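Working notes for the structure below.
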Amino acid sequence: MAGDGGPSARSEVIDTSPTVHDEVKTTTCYMCACRCGIKVHLKNGKIRYIEGNKAHPVNRGVLCAKGSAGIMQHYSPARLTKPLKRIGERGSGEFQEIEWDEALALATQWLSRIRASDPKKLAFFTGRDQSQGLTGWWAAQFGTPNYAAHGGFCSVNMAAAGLYSIGGSFWEFGEADWERTKYFMMFGVAEDHDSNPIKIGLSKLKARGAKFVSVNPVRTGYSAIADEWVAIKPGTDGLFVFALIHELLKADAIDHDYLVRYTNAPWLVIDNPGQSDDGLFARDTAGHPLVWDAATDAPANAMLADIKPRLAGEYRLPDGRKARPSFHRLAERYLDPSYAPDAVAARCGVSTETMRRLAAELAEIAFKQPIVLNQPWTDWAGHRHETMIGRPIAMHAMRGISAHSNGFHTCRAIHVLQMLLGAIDTPGAFRYEAPFPRPCPPPGKPGGKTVTPNAALGGLPLGFPLGPEDLLIEEDGSARRIDKAFSWEAPLAVHGMMHMVIANAWKGDPYSIDTLFLYMANMAWNSAMNTAGTMTMLADKDESGAYKIPHIIYADAFFSETVAFADLVLPDTTYLERWDCISLLDRPIGNAEGPADAIRQPVVQPDRDVRPFQDVLIDLGARLKLPGFVTPDGTARYPGGYKDYIVNHERRPGIGPLAGWRGIDGDKQGRGEPNLDQLQRYIENGCFWKYELPHDQLYYKHANKAYLETATRFSFIDRPEPIVLQLYSETLQRFRLAAQGHGPVQPPEMHRQRVAAYFDPLPIWYEPFESAAVDTGAFPLRAITQRPMPMYHSWGSQNAWLRQILSTNSLYVNRRTAAQHGVKDGDWVWLTSHHARVKCQVKLMDGVEADTVWTWNAIGKRPGAWNLAPNSPEATRGFLLNHVISELLPERNGYRYANSDPVTGQAAWFDLRVSMKKCEPLETGETAPIFPAVVPPAGLPPRPDILRYGADLK
Amino acid sequence: MTDYTVGPVKLGLVIDLDTCVGCHACAVNCKEWNTAGHSAPLPDRDPYGADITGVWFNRIHTFEVDDGECGRTVHFPKSCLHCEAPACVEVCPTGASYKRVEDGIVLVNADTCIGCKLCSWACPYGAREFDDDAGVMKKCTLCVDRIYNRNLDEADRVPACVSTCPAHARHFGDLGDPNSAVSRLVAERGGYDLMPEQGYKPVNKYLPPRPGKIAGTGREMALTPAAPDTAGMFLRWVDRLLSR
């Protein structure tokens, strides 16, 4: 039917060059934690289109579904519109609109009373906060140690294990060498951080023919395009990694040179069982660790440049004590047949042959196919190397490892595997993203040993303990922080434990607080364990009729589930209406090629009576006369709000929130005087700053002289000294020795055994706590969540475009497992844990490990919340696994520990064990529990029946 | 019945199923561009309610193939394939559905569309979207208001879905030119037509997954111990002379 090639008579006249915008403004996305650069096209004063900024180092022009749905986030009818004061019972959602003056006066009144009497009675917890550089510092100036963000729920196992082992981390602090890696091994669900860089990277490595192995109980997302899917049982990754280590050690397929040059493998560990120095490094009188030098057959300072360290053997120190290199201890442990593939295969659900083959593949790529770059460089000791040798194996891990009670040690196990392969910051391997690497761990101990009325805290609330003496504990060993972070129950809780704040404050354990101040943390819903209990606690009263948590202040841009529980609501702007900085003092966006930071600028003005939370916090700081927020004469130091602070705040002389265009004339990078023109310079550059490292500084950063000097110049590290990777963790051993009865600071009897068991200086594996505590016969299945790539927590599932992709969530069950349970596709089931039960609808699939069930995270909503209709599928059929996860472990010896990793306090919500039972016919069709509907505050607009967005922008 | 003419230029998409992770970036960015573009708006009914339905030009379908270790989860983006023999055009009673001679893009003229839906019944790929608010059929325009747009930078003159795809799984070009980058990509990677047996000759192509590097099965491989026992291993390490 094709015609003669002439023009079609029916063609309409099409404007192929319509005007797209009146103006384009660059800024930084906040639809998730990725922090991509965006270009916002504005037309008629409205947002016409948001796209990725091609020049931006994070996303290089691409933009994900979330970022592309920013318009619907910005114009959401769930946006709060005015400050609110509670007038009904807490939880009822009855509010009165008030003016900002009244709101700020009320907050100031509550907070100043606390500060004058006992500052720790303020618990200030923020959620997925990208301004922790400010919020943490504000808490310190206020004087409360009770500050943290969302990390204790999310990522602290990854951060802590990484920072204490290699001075960097997976998460957002490191990346695969996407251009060069030949073998990429990814552990667990990782779709929620660094998401565009990982997608860009996966595409590159697949195009090059590199192999991608995904170790994950579920075959979704990234795992769907893996060349090999290893369907592991949740929580057993540590055993799997040990089996790989066992195979590599047995074959001596390890990078000996890398180990002696860059790790503490040769450092001598004292063998003195029962004594206070057992397991510590042997040191010289100046405190330097020692190695056994083969050249002199004597101990030598490990930090000397020209020594020949032994990796194994037993040696006698001059004072008669015995010592062995830490590698010797490590090899002894993992060569044990109990770590052989055949010994762990059944527990991991991965065949012996698969583990043997994967170990052989790792060895082949690392040692038979190394990468050699003809790039001279000089190491910290001054030795010039003509080439850079790389082991082109990259690893990545995130949530799937992090959210288990054995996650800290599992993450450390992965780092040990990387070190043995010589695959950290070498060509083709995992690479640090600037400002990392930093010392293992970075400097700065948690502040809060003393809390003084009307005074700032000594130091920042979050830091890195090096031993028991750095814990925040009372004389009797009890916790000083409300969440019990940095106590014997979670000594390395370096991100705090936000999941315990409400339960502890309600119980008055370790003490009662006065005000709970939350920022964008949906703590009454998807950022809580035991959701029903949490809501009860938030609204619970004592015998006198007073609320057990006397005041709750909540700041958020949206009508989330938590709003109903606030006494005072401070409405925030959207991300397109404010100034922000993505700071090197907070969560960096640098990559392996160099440091970077960024800003947000307001691209539209608020049409509601809302204020950027950071402006409000700075205003409160001045009203409370917090040091740092007022000048010596008591006036506001940053009268221009956050914008003023971003430019003019100096944490140390010359070091401020932004590293670019510093100095009076804007010609300095990293360090320099404040520059009044700084934000304009950022805007001219697309709202980001990036420093490109020279080629000789791109690898071996932990030991690369030129890089270490650059890092010192930028103040990432204090001195250009090597960062020695910690295969063996002396910090952990210090805690263990205390538990074994040594030293002035020891754990109370009840915690002694636990600390001794879990503070092993070498990685260990143990059954996740919930599995160990419950009858696994009664709860045979493991239940986990996966991250839907188009969603970011509860923000995504209220967005008019994104909720069309997923408006409800099913429980995904392996076909064979379902058959064994008599469950068919579409059936409704009760999922029961030791804590509670939840009702959900089943979907069958093949790509899930047989003993695992899973669902998408944070789709379920409370009826009415987020200004969705109460009968929306998110509320009637969507569900949260949070309902059946307890914040406490089952009772043991009369005590219930937090459901957390014993080292870091990380919330262990992937440890969940459940049973599955088909519902009765009358029970189908709707989820349970469903909580009573909440009513949106008066100021929120009515929900439209139809959206015709863009009709007037064509 | 409506006639059409097929010219030499065949603009279309090449979609790489080897790297598509199913992130929906293409679908949402398409929606965002087009809701204020040539076919504006792409309305959403009951957007915050129980029965939300909206107009989307690009949708991602997810399914599993096979069982066992060789099984695969497939994310399959689908939009109008701009067929060379477009059934939707043939059946259009008013000529509102048409195929452009100059580049092969299949479009709907909203002024002459009577909303009879014959085209959506005829389309074998289910790639048409009815806007019941305006009473007209809408569909992928291949971003006809972007790809020639002189108000945009040259690099941005590609469909929104291609520009935004984080996994670089979408490519745009002239599939009528055997030397174009997209044609070469199709040739190299064994790109294929969706349901070729139906005879609609879709212009868009799909690239199959690249062959697995070392498929999980069938390859026995293990490391050989370097010493007969643990003691032997330690002897090896003790004797090894290493230097900084």
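Residues in the structure tokens are numbered from 1 in each chain, the chains being A, B, ... in the order shown, and ligands are numbered from 1 in the order shown.
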
I'd like the neighbourhood of Gly49 of chain B as a PDB file with C-alpha atoms, in the first residue's frame, where a residue qualifies if any of its atoms comes within 7 Å (using only C-alpha atoms), though same-chain residues fewer than 4 positions away should be ignored.
ATOM      1  CA  LEU A 868      -4.398  10.365  49.016  1.00  0.00           C
ATOM      2  CA  ALA A 869      -8.002   9.176  49.062  1.00  0.00           C
ATOM      3  CA  SER A 872      -6.454   4.306  47.568  1.00  0.00           C
TER       4      SER A 872
END

Exercise. In Å to one decimal, how far is atom CA of His495 of chain A from atom CA of Ile513 of chain A?
Worked result: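 Straight-line distance from atom CA of Ile513 of chain A to atom CA of His495 of chain A works out to 20.1 Å.
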
Problem set entry | Expected answer as JSON, numbers by chain: strand (DSSP E or B) residues in segment 439-667 of chain A | {"A": [473, 479, 515, 516, 517, 518, 519, 541, 547, 551, 552, 553, 554, 555, 556, 558, 568, 569, 570, 571, 580, 581, 582, 591, 594, 596, 597, 598, 599, 600, 627, 630, 636, 652, 655, 662]}

Residue subset to file, keeping C-alpha atoms, as a PDB file, in the first residue's frame:
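The resulting file, part.pdb, is shown below:
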ATOM      1  CA  ILE A 473      28.136   5.876  79.201  1.00  0.00           C
ATOM      2  CA  ALA A 479      23.721   4.730  78.165  1.00  0.00           C
ATOM      3  CA  THR A 515      10.983  17.430  73.261  1.00  0.00           C
ATOM      4  CA  LEU A 516      11.272  15.175  70.276  1.00  0.00           C
ATOM      5  CA  PHE A 517      12.211  17.297  67.279  1.00  0.00           C
ATOM      6  CA  LEU A 518      11.997  15.448  63.950  1.00  0.00           C
ATOM      7  CA  TYR A 519      12.818  16.609  60.448  1.00  0.00           C
ATOM      8  CA  LYS A 541       0.000   9.473  78.483  1.00  0.00           C
ATOM      9  CA  TYR A 547       1.993  12.859  77.293  1.00  0.00           C
ATOM     10  CA  HIS A 551       6.518  17.859  73.139  1.00  0.00           C
ATOM     11  CA  ILE A 552       6.862  16.781  69.532  1.00  0.00           C
ATOM     12  CA  ILE A 553       7.972  19.235  66.853  1.00  0.00           C
ATOM     13  CA  TYR A 554       7.901  18.001  63.276  1.00  0.00           C
ATOM     14  CA  ALA A 555       9.241  19.667  60.159  1.00  0.00           C
ATOM     15  CA  ASP A 556       8.353  18.273  56.754  1.00  0.00           C
ATOM     16  CA  PHE A 558       4.413  16.935  53.131  1.00  0.00           C
ATOM     17  CA  LEU A 568       3.868  21.817  66.329  1.00  0.00           C
ATOM     18  CA  VAL A 569       4.322  21.401  62.579  1.00  0.00           C
ATOM     19  CA  LEU A 570       6.892  23.509  60.731  1.00  0.00           C
ATOM     20  CA  PRO A 571       6.137  23.290  57.004  1.00  0.00           C
ATOM     21  CA  ASP A 580      20.923  23.961  49.873  1.00  0.00           C
ATOM     22  CA  CYS A 581      24.459  22.745  49.783  1.00  0.00           C
ATOM     23  CA  ILE A 582      25.660  19.237  49.069  1.00  0.00           C
ATOM     24  CA  ASN A 591      33.774  10.472  42.642  1.00  0.00           C
ATOM     25  CA  GLY A 594      38.040  13.943  42.297  1.00  0.00           C
ATOM     26  CA  ALA A 596      32.871  17.682  44.064  1.00  0.00           C
ATOM     27  CA  ASP A 597      30.086  19.546  45.812  1.00  0.00           C
ATOM     28  CA  ALA A 598      26.918  21.269  44.723  1.00  0.00           C
ATOM     29  CA  ILE A 599      24.126  23.631  45.626  1.00  0.00           C
ATOM     30  CA  ARG A 600      20.408  23.921  45.216  1.00  0.00           C
ATOM     31  CA  PRO A 627      27.031  29.878  70.122  1.00  0.00           C
ATOM     32  CA  VAL A 630      24.881  34.741  67.145  1.00  0.00           C
ATOM     33  CA  ALA A 636      21.886  36.789  64.440  1.00  0.00           C
ATOM     34  CA  ARG A 652      37.687  25.841  60.636  1.00  0.00           C
ATOM     35  CA  ILE A 655      36.907  25.572  55.528  1.00  0.00           C
ATOM     36  CA  ARG A 662      36.644  30.261  47.931  1.00  0.00           C
TER      37      ARG A 662
END

Exercise. Which polymer residues have any atom within 9 Å of an atom of Val55 of chain B, counting only C-alpha atoms, with same-chain residues fewer than 5 positions away left out, as a ChimeraX atom specification?
Worked result: /B:31,41-44,129-131,138-139

Problem set entry | From A:Val603, A:Ile47, A:Val451, A:Val848, residue lying nearest Lys954 of chain A [only C-alpha atoms] |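 Looking only at the distances to Lys954 of chain A, the closest residue turns out to be A:Ile47.
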
Exercise. For the atom pair atom CA of Thr387 of chain A and atom CA of Asp257 of chain A, what is the interatomic distance in Å to one decimal place?
Worked result: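 Separating atom CA of Thr387 of chain A from atom CA of Asp257 of chain A is a distance of 14.4 Å.
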
For this session: Select from segment 22-218 of chain B everything DSSP, run on the backbone, classes as helix (DSSP H, G or I), then give the selection as a ChimeraX atom specification.
Result: /B:25-34,68-70,87-91,118-122,154-156,160-164,181-189,196-198

Exercise. Which polymer residues have any atom within 12 Å of an atom of Gly173 of chain B, counting only C-alpha atoms, with same-chain residues fewer than 4 positions away left out, as a PyMOL selection string?
Worked result: chain B and resi 9-15+103-105+142+147+157-159+162+177-186+203-205

For this session: Considering only C-alpha atoms, return as a PyMOL selection string whatever protein or nucleic-acid residues lie within 8 Å of Thr352 of chain A, sequence-local ones (same chain, fewer than 4 positions apart) excluded.
Result: chain A and resi 341-342+345+356

Could those residues be written to a file, using N, CA and C atoms, as a compact mmCIF listing (two decimals), in the first residue's frame?
# COMPACT_ATOMS: atom_id res chain seq x y z
N PRO A 341 33.73 -24.35 51.15
CA PRO A 341 32.44 -24.28 50.45
C PRO A 341 31.48 -25.39 50.84
N ASP A 342 31.97 -26.62 50.94
CA ASP A 342 31.03 -27.72 51.24
C ASP A 342 30.46 -27.61 52.64
N ALA A 345 27.69 -24.54 52.16
CA ALA A 345 26.79 -24.53 50.99
C ALA A 345 25.33 -24.61 51.39
N ARG A 356 33.14 -22.71 44.51
CA ARG A 356 34.50 -23.03 44.04
C ARG A 356 34.78 -22.32 42.72

For this session: Kindly indicate which residue among A:Arg333, A:Lys548, A:Lys843, A:Arg219 lies nearest to chain B, using only C-alpha atoms for the distances.
Result: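 Ranked by minimum distance to chain B, first place goes to A:Arg219.
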
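Considering the residues A:Leu104, A:Leu806, A:Ile683, A:Ala346 and counting only C-alpha atoms, chain B has its shortest atom-to-atom contact with A:Leu806.
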
Exercise. If we count only C-alpha atoms, what is near Ala122 of chain B at a cut-off of 10 Å, once residues fewer than 5 positions away on the same chain are taken out, given as a PyMOL selection string?
Worked result: chain B and resi 86-92+117+128

Exercise. Which residues, written as number ranges by chain, have at least one atom at most 9 Å from Asp239 of chain B, with only C-alpha atoms counted and residues fewer than 2 positions away on the same chain left out?
Worked result: A: 310-313; B: 234-237, 241

Exercise. Taking only C-alpha atoms into account, which of A:Lys918, A:Arg637, A:Arg752, A:Arg611 comes nearest Pro83 of chain A?
Worked result: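 The shortest atom-to-atom distance to Pro83 of chain A comes from A:Arg611.
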